[in-house]
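Asker: You'll find model-v8.pdb just under this line, and it carries PDB, C-alpha atoms, pLDDT in the B column.
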ATOM      1  CA  MET A   1     107.743 115.413 102.324  1.00 95.00           C
ATOM      2  CA  ILE A   2     108.906 112.738 104.749  1.00 97.00           C
ATOM      3  CA  SER A   3     107.793 109.174 104.076  1.00 98.00           C
ATOM      4  CA  ILE A   4     108.442 106.110 106.193  1.00 98.00           C
ATOM      5  CA  ILE A   5     108.792 102.936 104.149  1.00 98.00           C
ATOM      6  CA  VAL A   6     108.717  99.550 105.862  1.00 98.00           C
ATOM      7  CA  ALA A   7     107.606  95.913 105.594  1.00 97.00           C
ATOM      8  CA  ILE A   8     105.714  94.827 108.708  1.00 97.00           C
ATOM      9  CA  ALA A   9     104.338  91.499 109.892  1.00 97.00           C
ATOM     10  CA  GLU A  10     100.839  91.390 111.344  1.00 96.00           C
ATOM     11  CA  ASN A  11     102.330  91.566 114.863  1.00 96.00           C
ATOM     12  CA  GLY A  12     104.468  94.621 113.969  1.00 96.00           C
ATOM     13  CA  ALA A  13     107.706  92.640 113.546  1.00 97.00           C
ATOM     14  CA  ILE A  14     110.233  94.088 111.105  1.00 96.00           C
ATOM     15  CA  GLY A  15     113.496  92.301 111.857  1.00 94.00           C
ATOM     16  CA  TYR A  16     115.443  89.548 113.517  1.00 93.00           C
ATOM     17  CA  LYS A  17     119.147  89.560 114.374  1.00 90.00           C
ATOM     18  CA  GLY A  18     119.865  92.615 112.226  1.00 86.00           C
ATOM     19  CA  ASP A  19     118.121  91.409 109.095  1.00 87.00           C
ATOM     20  CA  LEU A  20     114.719  91.778 107.499  1.00 89.00           C
ATOM     21  CA  ILE A  21     112.269  89.010 108.286  1.00 92.00           C
ATOM     22  CA  TYR A  22     110.670  88.986 104.851  1.00 93.00           C
ATOM     23  CA  HIS A  23     112.276  89.131 101.423  1.00 90.00           C
ATOM     24  CA  LEU A  24     109.355  89.532  99.053  1.00 97.00           C
ATOM     25  CA  SER A  25     110.271  90.300  95.468  1.00 97.00           C
ATOM     26  CA  ALA A  26     107.268  92.622  95.034  1.00 98.00           C
ATOM     27  CA  ASP A  27     108.177  94.556  98.183  1.00 97.00           C
ATOM     28  CA  LEU A  28     111.779  95.034  97.050  1.00 96.00           C
ATOM     29  CA  LYS A  29     110.606  96.224  93.610  1.00 97.00           C
ATOM     30  CA  ARG A  30     108.158  98.675  95.197  1.00 98.00           C
ATOM     31  CA  PHE A  31     110.877  99.956  97.539  1.00 98.00           C
ATOM     32  CA  LYS A  32     113.187 100.582  94.586  1.00 97.00           C
ATOM     33  CA  ALA A  33     110.457 102.235  92.485  1.00 98.00           C
ATOM     34  CA  LEU A  34     109.377 104.572  95.288  1.00 98.00           C
ATOM     35  CA  THR A  35     112.817 105.581  96.597  1.00 98.00           C
ATOM     36  CA  THR A  36     114.879 105.881  93.385  1.00 98.00           C
ATOM     37  CA  GLY A  37     115.736 109.501  92.667  1.00 98.00           C
ATOM     38  CA  HIS A  38     115.019 110.553  96.250  1.00 98.00           C
ATOM     39  CA  THR A  39     116.784 110.729  99.615  1.00 98.00           C
ATOM     40  CA  VAL A  40     116.926 107.733 101.958  1.00 98.00           C
ATOM     41  CA  ILE A  41     117.791 108.122 105.634  1.00 98.00           C
ATOM     42  CA  MET A  42     118.798 105.115 107.702  1.00 98.00           C
ATOM     43  CA  GLY A  43     120.567 104.166 110.883  1.00 97.00           C
ATOM     44  CA  ARG A  44     124.087 102.762 110.803  1.00 96.00           C
ATOM     45  CA  LYS A  45     122.976  99.172 111.424  1.00 93.00           C
ATOM     46  CA  THR A  46     120.507  99.367 108.544  1.00 95.00           C
ATOM     47  CA  PHE A  47     123.257 100.684 106.275  1.00 96.00           C
ATOM     48  CA  GLU A  48     125.608  97.901 107.368  1.00 93.00           C
ATOM     49  CA  SER A  49     122.917  95.320 106.556  1.00 91.00           C
ATOM     50  CA  LEU A  50     122.675  96.452 102.913  1.00 93.00           C
ATOM     51  CA  PRO A  51     124.315  93.771 100.755  1.00 90.00           C
ATOM     52  CA  LYS A  52     125.982  96.211  98.328  1.00 93.00           C
ATOM     53  CA  GLY A  53     126.400  99.338 100.457  1.00 94.00           C
ATOM     54  CA  ALA A  54     124.861 102.649  99.424  1.00 97.00           C
ATOM     55  CA  LEU A  55     121.680 102.336  97.371  1.00 98.00           C
ATOM     56  CA  PRO A  56     122.230 103.467  93.774  1.00 97.00           C
ATOM     57  CA  ASN A  57     120.443 106.472  92.271  1.00 98.00           C
ATOM     58  CA  ARG A  58     119.492 107.835  95.692  1.00 98.00           C
ATOM     59  CA  ARG A  59     120.980 110.299  98.141  1.00 98.00           C
ATOM     60  CA  ASN A  60     122.024 108.036 101.037  1.00 98.00           C
ATOM     61  CA  ILE A  61     122.163 109.498 104.544  1.00 98.00           C
ATOM     62  CA  VAL A  62     123.381 107.418 107.488  1.00 98.00           C
ATOM     63  CA  LEU A  63     122.730 108.340 111.110  1.00 98.00           C
ATOM     64  CA  THR A  64     125.375 107.438 113.662  1.00 97.00           C
ATOM     65  CA  ARG A  65     126.709 108.845 116.913  1.00 94.00           C
ATOM     66  CA  GLN A  66     130.197 107.510 116.090  1.00 92.00           C
ATOM     67  CA  SER A  67     132.308 110.630 115.578  1.00 89.00           C
ATOM     68  CA  GLY A  68     134.355 110.586 112.404  1.00 90.00           C
ATOM     69  CA  ALA A  69     132.401 107.680 110.907  1.00 92.00           C
ATOM     70  CA  SER A  70     132.124 107.596 107.138  1.00 93.00           C
ATOM     71  CA  PHE A  71     130.553 105.143 104.743  1.00 95.00           C
ATOM     72  CA  PRO A  72     131.184 105.038 100.982  1.00 95.00           C
ATOM     73  CA  GLY A  73     128.533 106.812  98.911  1.00 96.00           C
ATOM     74  CA  THR A  74     126.783 108.373 101.910  1.00 98.00           C
ATOM     75  CA  GLU A  75     126.489 111.505 103.970  1.00 97.00           C
ATOM     76  CA  VAL A  76     126.703 110.989 107.737  1.00 97.00           C
ATOM     77  CA  PHE A  77     124.880 112.938 110.439  1.00 97.00           C
ATOM     78  CA  PRO A  78     124.679 112.410 114.213  1.00 97.00           C
ATOM     79  CA  SER A  79     120.886 112.807 114.432  1.00 97.00           C
ATOM     80  CA  LEU A  80     117.706 112.675 112.402  1.00 98.00           C
ATOM     81  CA  SER A  81     117.024 116.362 112.992  1.00 97.00           C
ATOM     82  CA  ASP A  82     120.521 117.268 111.794  1.00 97.00           C
ATOM     83  CA  ALA A  83     120.060 115.153 108.647  1.00 98.00           C
ATOM     84  CA  LEU A  84     116.646 116.683 107.911  1.00 98.00           C
ATOM     85  CA  ASN A  85     118.098 120.183 108.353  1.00 97.00           C
ATOM     86  CA  HIS A  86     120.433 119.336 105.445  1.00 97.00           C
ATOM     87  CA  CYS A  87     117.538 118.359 103.178  1.00 97.00           C
ATOM     88  CA  SER A  88     115.716 120.940 101.083  1.00 95.00           C
ATOM     89  CA  SER A  89     112.010 121.571 101.581  1.00 91.00           C
ATOM     90  CA  ASP A  90     111.173 120.226  98.092  1.00 93.00           C
ATOM     91  CA  GLU A  91     113.152 116.992  98.615  1.00 96.00           C
ATOM     92  CA  LYS A  92     111.220 113.753  99.173  1.00 97.00           C
ATOM     93  CA  VAL A  93     112.853 111.904 102.059  1.00 98.00           C
ATOM     94  CA  PHE A  94     112.285 108.227 102.822  1.00 98.00           C
ATOM     95  CA  ILE A  95     113.051 106.880 106.283  1.00 98.00           C
ATOM     96  CA  ILE A  96     114.128 103.271 105.691  1.00 98.00           C
ATOM     97  CA  GLY A  97     115.032 102.012 109.180  1.00 95.00           C
ATOM     98  CA  GLY A  98     115.798 100.783 111.679  1.00 94.00           C
ATOM     99  CA  ALA A  99     113.358 100.732 114.558  1.00 94.00           C
ATOM    100  CA  GLN A 100     114.957 103.617 116.499  1.00 95.00           C
ATOM    101  CA  VAL A 101     114.941 105.850 113.426  1.00 97.00           C
ATOM    102  CA  TYR A 102     111.329 104.898 112.686  1.00 97.00           C
ATOM    103  CA  SER A 103     110.362 105.851 116.247  1.00 95.00           C
ATOM    104  CA  GLN A 104     112.087 109.227 115.930  1.00 96.00           C
ATOM    105  CA  ALA A 105     110.541 109.916 112.515  1.00 96.00           C
ATOM    106  CA  LEU A 106     106.959 108.866 113.210  1.00 94.00           C
ATOM    107  CA  ASP A 107     105.885 112.266 114.561  1.00 92.00           C
ATOM    108  CA  LEU A 108     107.602 114.043 111.643  1.00 95.00           C
ATOM    109  CA  ALA A 109     106.366 111.877 108.768  1.00 96.00           C
ATOM    110  CA  ASP A 110     103.718 112.927 106.256  1.00 95.00           C
ATOM    111  CA  GLU A 111     103.307 109.476 104.730  1.00 97.00           C
ATOM    112  CA  LEU A 112     103.641 105.787 105.603  1.00 97.00           C
ATOM    113  CA  ASP A 113     104.381 103.327 102.781  1.00 98.00           C
ATOM    114  CA  ILE A 114     103.800  99.962 104.407  1.00 98.00           C
ATOM    115  CA  THR A 115     104.019  96.467 103.037  1.00 98.00           C
ATOM    116  CA  LEU A 116     101.862  94.506 105.473  1.00 98.00           C
ATOM    117  CA  VAL A 117     102.847  90.842 105.316  1.00 98.00           C
ATOM    118  CA  HIS A 118      99.901  88.672 106.340  1.00 98.00           C
ATOM    119  CA  ASP A 119     101.997  86.410 108.541  1.00 97.00           C
ATOM    120  CA  THR A 120     103.396  86.324 112.073  1.00 96.00           C
ATOM    121  CA  PRO A 121     107.034  85.227 112.172  1.00 96.00           C
ATOM    122  CA  GLY A 122     108.246  82.623 114.632  1.00 94.00           C
ATOM    123  CA  GLN A 123     111.147  84.841 115.662  1.00 96.00           C
ATOM    124  CA  ALA A 124     111.512  88.625 115.741  1.00 97.00           C
ATOM    125  CA  ASP A 125     113.444  91.042 117.899  1.00 95.00           C
ATOM    126  CA  THR A 126     112.678  94.354 116.171  1.00 95.00           C
ATOM    127  CA  PHE A 127     109.245  95.922 115.854  1.00 96.00           C
ATOM    128  CA  PHE A 128     107.726  98.943 114.147  1.00 96.00           C
ATOM    129  CA  PRO A 129     106.255 101.445 116.602  1.00 92.00           C
ATOM    130  CA  ASP A 130     102.481 101.398 116.997  1.00 88.00           C
ATOM    131  CA  PHE A 131     101.245 104.222 114.784  1.00 87.00           C
ATOM    132  CA  GLU A 132      97.511 103.611 114.888  1.00 77.00           C
ATOM    133  CA  GLY A 133      96.025 106.095 117.281  1.00 67.00           C
ATOM    134  CA  GLN A 134      99.133 108.300 116.987  1.00 68.00           C
ATOM    135  CA  GLY A 135      98.305 111.268 114.820  1.00 69.00           C
ATOM    136  CA  ASP A 136      95.546 111.394 112.268  1.00 87.00           C
ATOM    137  CA  TRP A 137      96.734 108.760 109.792  1.00 93.00           C
ATOM    138  CA  ARG A 138      94.239 107.895 107.086  1.00 94.00           C
ATOM    139  CA  LEU A 139      94.571 105.027 104.663  1.00 96.00           C
ATOM    140  CA  ILE A 140      94.562 106.427 101.119  1.00 97.00           C
ATOM    141  CA  SER A 141      95.616 103.369  99.125  1.00 97.00           C
ATOM    142  CA  ARG A 142      95.507  99.598  99.569  1.00 98.00           C
ATOM    143  CA  GLU A 143      96.594  96.850  97.153  1.00 98.00           C
ATOM    144  CA  ASP A 144      96.134  93.237  98.259  1.00 98.00           C
ATOM    145  CA  HIS A 145      98.280  90.467  96.783  1.00 98.00           C
ATOM    146  CA  GLU A 146      98.177  86.680  97.037  1.00 98.00           C
ATOM    147  CA  PRO A 147     101.342  84.606  97.407  1.00 97.00           C
ATOM    148  CA  ASP A 148     103.136  83.429  94.277  1.00 97.00           C
ATOM    149  CA  ASP A 149     106.462  81.845  93.348  1.00 96.00           C
ATOM    150  CA  LYS A 150     108.440  85.023  94.255  1.00 96.00           C
ATOM    151  CA  ASN A 151     106.315  86.138  97.219  1.00 97.00           C
ATOM    152  CA  PRO A 152     105.667  83.276  99.645  1.00 97.00           C
ATOM    153  CA  PHE A 153     103.157  85.164 101.829  1.00 97.00           C
ATOM    154  CA  PRO A 154     100.036  87.180 101.089  1.00 98.00           C
ATOM    155  CA  PHE A 155     100.688  90.901 101.541  1.00 98.00           C
ATOM    156  CA  SER A 156      99.154  94.336 101.121  1.00 98.00           C
ATOM    157  CA  PHE A 157     100.681  97.617 100.021  1.00 98.00           C
ATOM    158  CA  LEU A 158      99.244 100.326 102.275  1.00 98.00           C
ATOM    159  CA  THR A 159      99.764 104.074 101.970  1.00 97.00           C
ATOM    160  CA  TYR A 160      98.732 106.384 104.784  1.00 97.00           C
ATOM    161  CA  HIS A 161      98.766 110.211 104.793  1.00 96.00           C
ATOM    162  CA  ARG A 162      98.114 112.825 107.383  1.00 90.00           C
TER     163      ARG A 162
END
Output the file's structure as structure tokens, nothing else.
Answerer:
Amino acid sequence: MISIIVAIAENGAIGYKGDLIYHLSADLKRFKALTTGHTVIMGRKTFESLPKGALPNRRNIVLTRQSGASFPGTEVFPSLSDALNHCSSDEKVFIIGGAQVYSQALDLADELDITLVHDTPGQADTFFPDFEGQGDWRLISREDHEPDDKNPFPFSFLTYHR
């Protein structure tokens, strides 16, 4: 199973200047709960944005076209298809960014785990590809949350399958 996991603003924004736009405690906890014990695939820039490097208790795969590149605690492949060919059929794989990797994975994914932040940021330079109308995605789960002291914006956890 291939799952895309992402936090998206209402306008589709996901990043600005190489960083996430939103840092919601509940989103980070959900990300950890869903991905721990599984494989995460990310682009090089996403890996380099991680504050502590490879994510613990997960198989970390980094995609880069830089020949000979290596990153501590990861496996490196030149393409998404090459990385997926090195995953077993019973392995749950999470695509965790960035935008180019999301675009490549959208047609391959079985599931979307989205945190929809009910806000539109003032600045964004990276956007999630439009998935509505692409494929037969159906919403199977929705949890709405109000802002609190650790989550400054209202948000919804959405899970889509096809």
Asker: Counting all atoms listed in the file, which residue out of A:Ala124, A:Ala33, A:Leu20, A:Ile14 sits closest to Pro56 of chain A?
Answerer: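 So, comparing all the options, the nearest one is A:Ala33.
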Asker: What lies within 7 Å of Thr64 of chain A using all atoms listed in the file, ignoring chain neighbours under 2 positions off, as a list in words?
Answerer: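 Selected residues are Gly43, Arg44, Val62, Gln66, Phe77 and Pro78 of chain A.
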Asker: Which residue gives the smallest distance to Thr120 of chain A among A:Tyr102, A:Trp137, A:Phe155, A:Phe47, with all atoms listed in the file counted?
Answerer: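 Looking at the shortest contact to Thr120 of chain A, the residue is A:Phe155.
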Asker: Report, as lines of an AutoDock Vina configuration file, the axis-aligned box around all atoms of segment 105-119 of chain A present in the file, extended by 3 Å on each side; give centre and edge lengths in Å to one decimal place.
Answerer:
center_x = 105.2
center_y = 100.2
center_z = 108.7
size_x = 16.6
size_y = 33.6
size_z = 17.8
Asker: Written as JSON, numbers by chain, what is the full residue list that the PyMOL selection byres ((chain A and resi 115) around 7) yields on the file shown?
Answerer: {"A": [6, 7, 8, 27, 113, 114, 116, 117, 155, 156, 157, 158]}
Asker: Any chance you can output those residues with C-alpha atoms as a CSV table (one decimal), in the frame of the given file?
Answerer:
chain,number,residue,atom,x,y,z
A,6,VAL,CA,108.7,99.6,105.9
A,7,ALA,CA,107.6,95.9,105.6
A,8,ILE,CA,105.7,94.8,108.7
A,27,ASP,CA,108.2,94.6,98.2
A,113,ASP,CA,104.4,103.3,102.8
A,114,ILE,CA,103.8,100.0,104.4
A,116,LEU,CA,101.9,94.5,105.5
A,117,VAL,CA,102.8,90.8,105.3
A,155,PHE,CA,100.7,90.9,101.5
A,156,SER,CA,99.2,94.3,101.1
A,157,PHE,CA,100.7,97.6,100.0
A,158,LEU,CA,99.2,100.3,102.3
Asker: Which neighbours of Val93 of chain A fall inside 7 Å, counting all atoms listed in the file, when residues of the same chain fewer than 2 positions from it are skipped, and could you give them as a ChimeraX atom specification?
Answerer: /A:1-3,38-40,91,95
Asker: Could you tell me how far atom CA of Glu143 of chain A lies from atom CA of Phe127 of chain A, in Å and to one decimal?
Answerer: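 Separation of atom CA of Glu143 of chain A and atom CA of Phe127 of chain A: 22.6 Å.
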Asker: Name the residues in contact with His161 of chain A at a cut-off of 9 Å, using only C-alpha atoms, excluding same-chain residues fewer than 5 positions from it; report them as a PyMOL selection string.
Answerer: chain A and resi 109-112+136-140
Asker: Using C-alpha atoms, can you write the selected residues to a file as a compact mmCIF listing (two decimals), keeping the file's coordinate frame?
Answerer:
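Dumped to out_33.txt:
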# COMPACT_ATOMS: atom_id res chain seq x y z
CA ALA A 109 106.37 111.88 108.77
CA ASP A 110 103.72 112.93 106.26
CA GLU A 111 103.31 109.48 104.73
CA LEU A 112 103.64 105.79 105.60
CA ASP A 136 95.55 111.39 112.27
CA TRP A 137 96.73 108.76 109.79
CA ARG A 138 94.24 107.90 107.09
CA LEU A 139 94.57 105.03 104.66
CA ILE A 140 94.56 106.43 101.12
Asker: Distance atom CA of Ser81 of chain A-atom CA of Glu48 of chain A, one decimal place?
Answerer: 21.1 Å
Asker: In Å, rounded to a single decimal, give me how far atom CA of Cys87 of chain A is from atom CA of Ala69 of chain A.
Answerer: 19.9 Å
Asker: Write out as a list in words the residues lying within 7 Å of Thr74 of chain A, counting all atoms listed in the file and excluding same-chain residues fewer than 6 positions away.
Answerer: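 Everything that qualifies: Ala54, Asn60, Ile61 and Val62 of chain A.
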Asker: Which one is closest to Glu146 of chain A: A:Asn11, A:Lys45, A:Leu24, A:Arg30? Count only C-alpha atoms.
Answerer: A:Leu24
Asker: Dig up all the protein and nucleic acid residues within 9 Å of (115.1, 91.2, 116.5) in the file frame, using all atoms listed in the file, and format them as a list in words.
Answerer: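 Here is the list of nearby residues: Ala13, Ile14, Gly15, Tyr16, Lys17, Gly18, Asp19, Ile21, Gln123, Ala124, Asp125, Thr126 and Phe127 of chain A.
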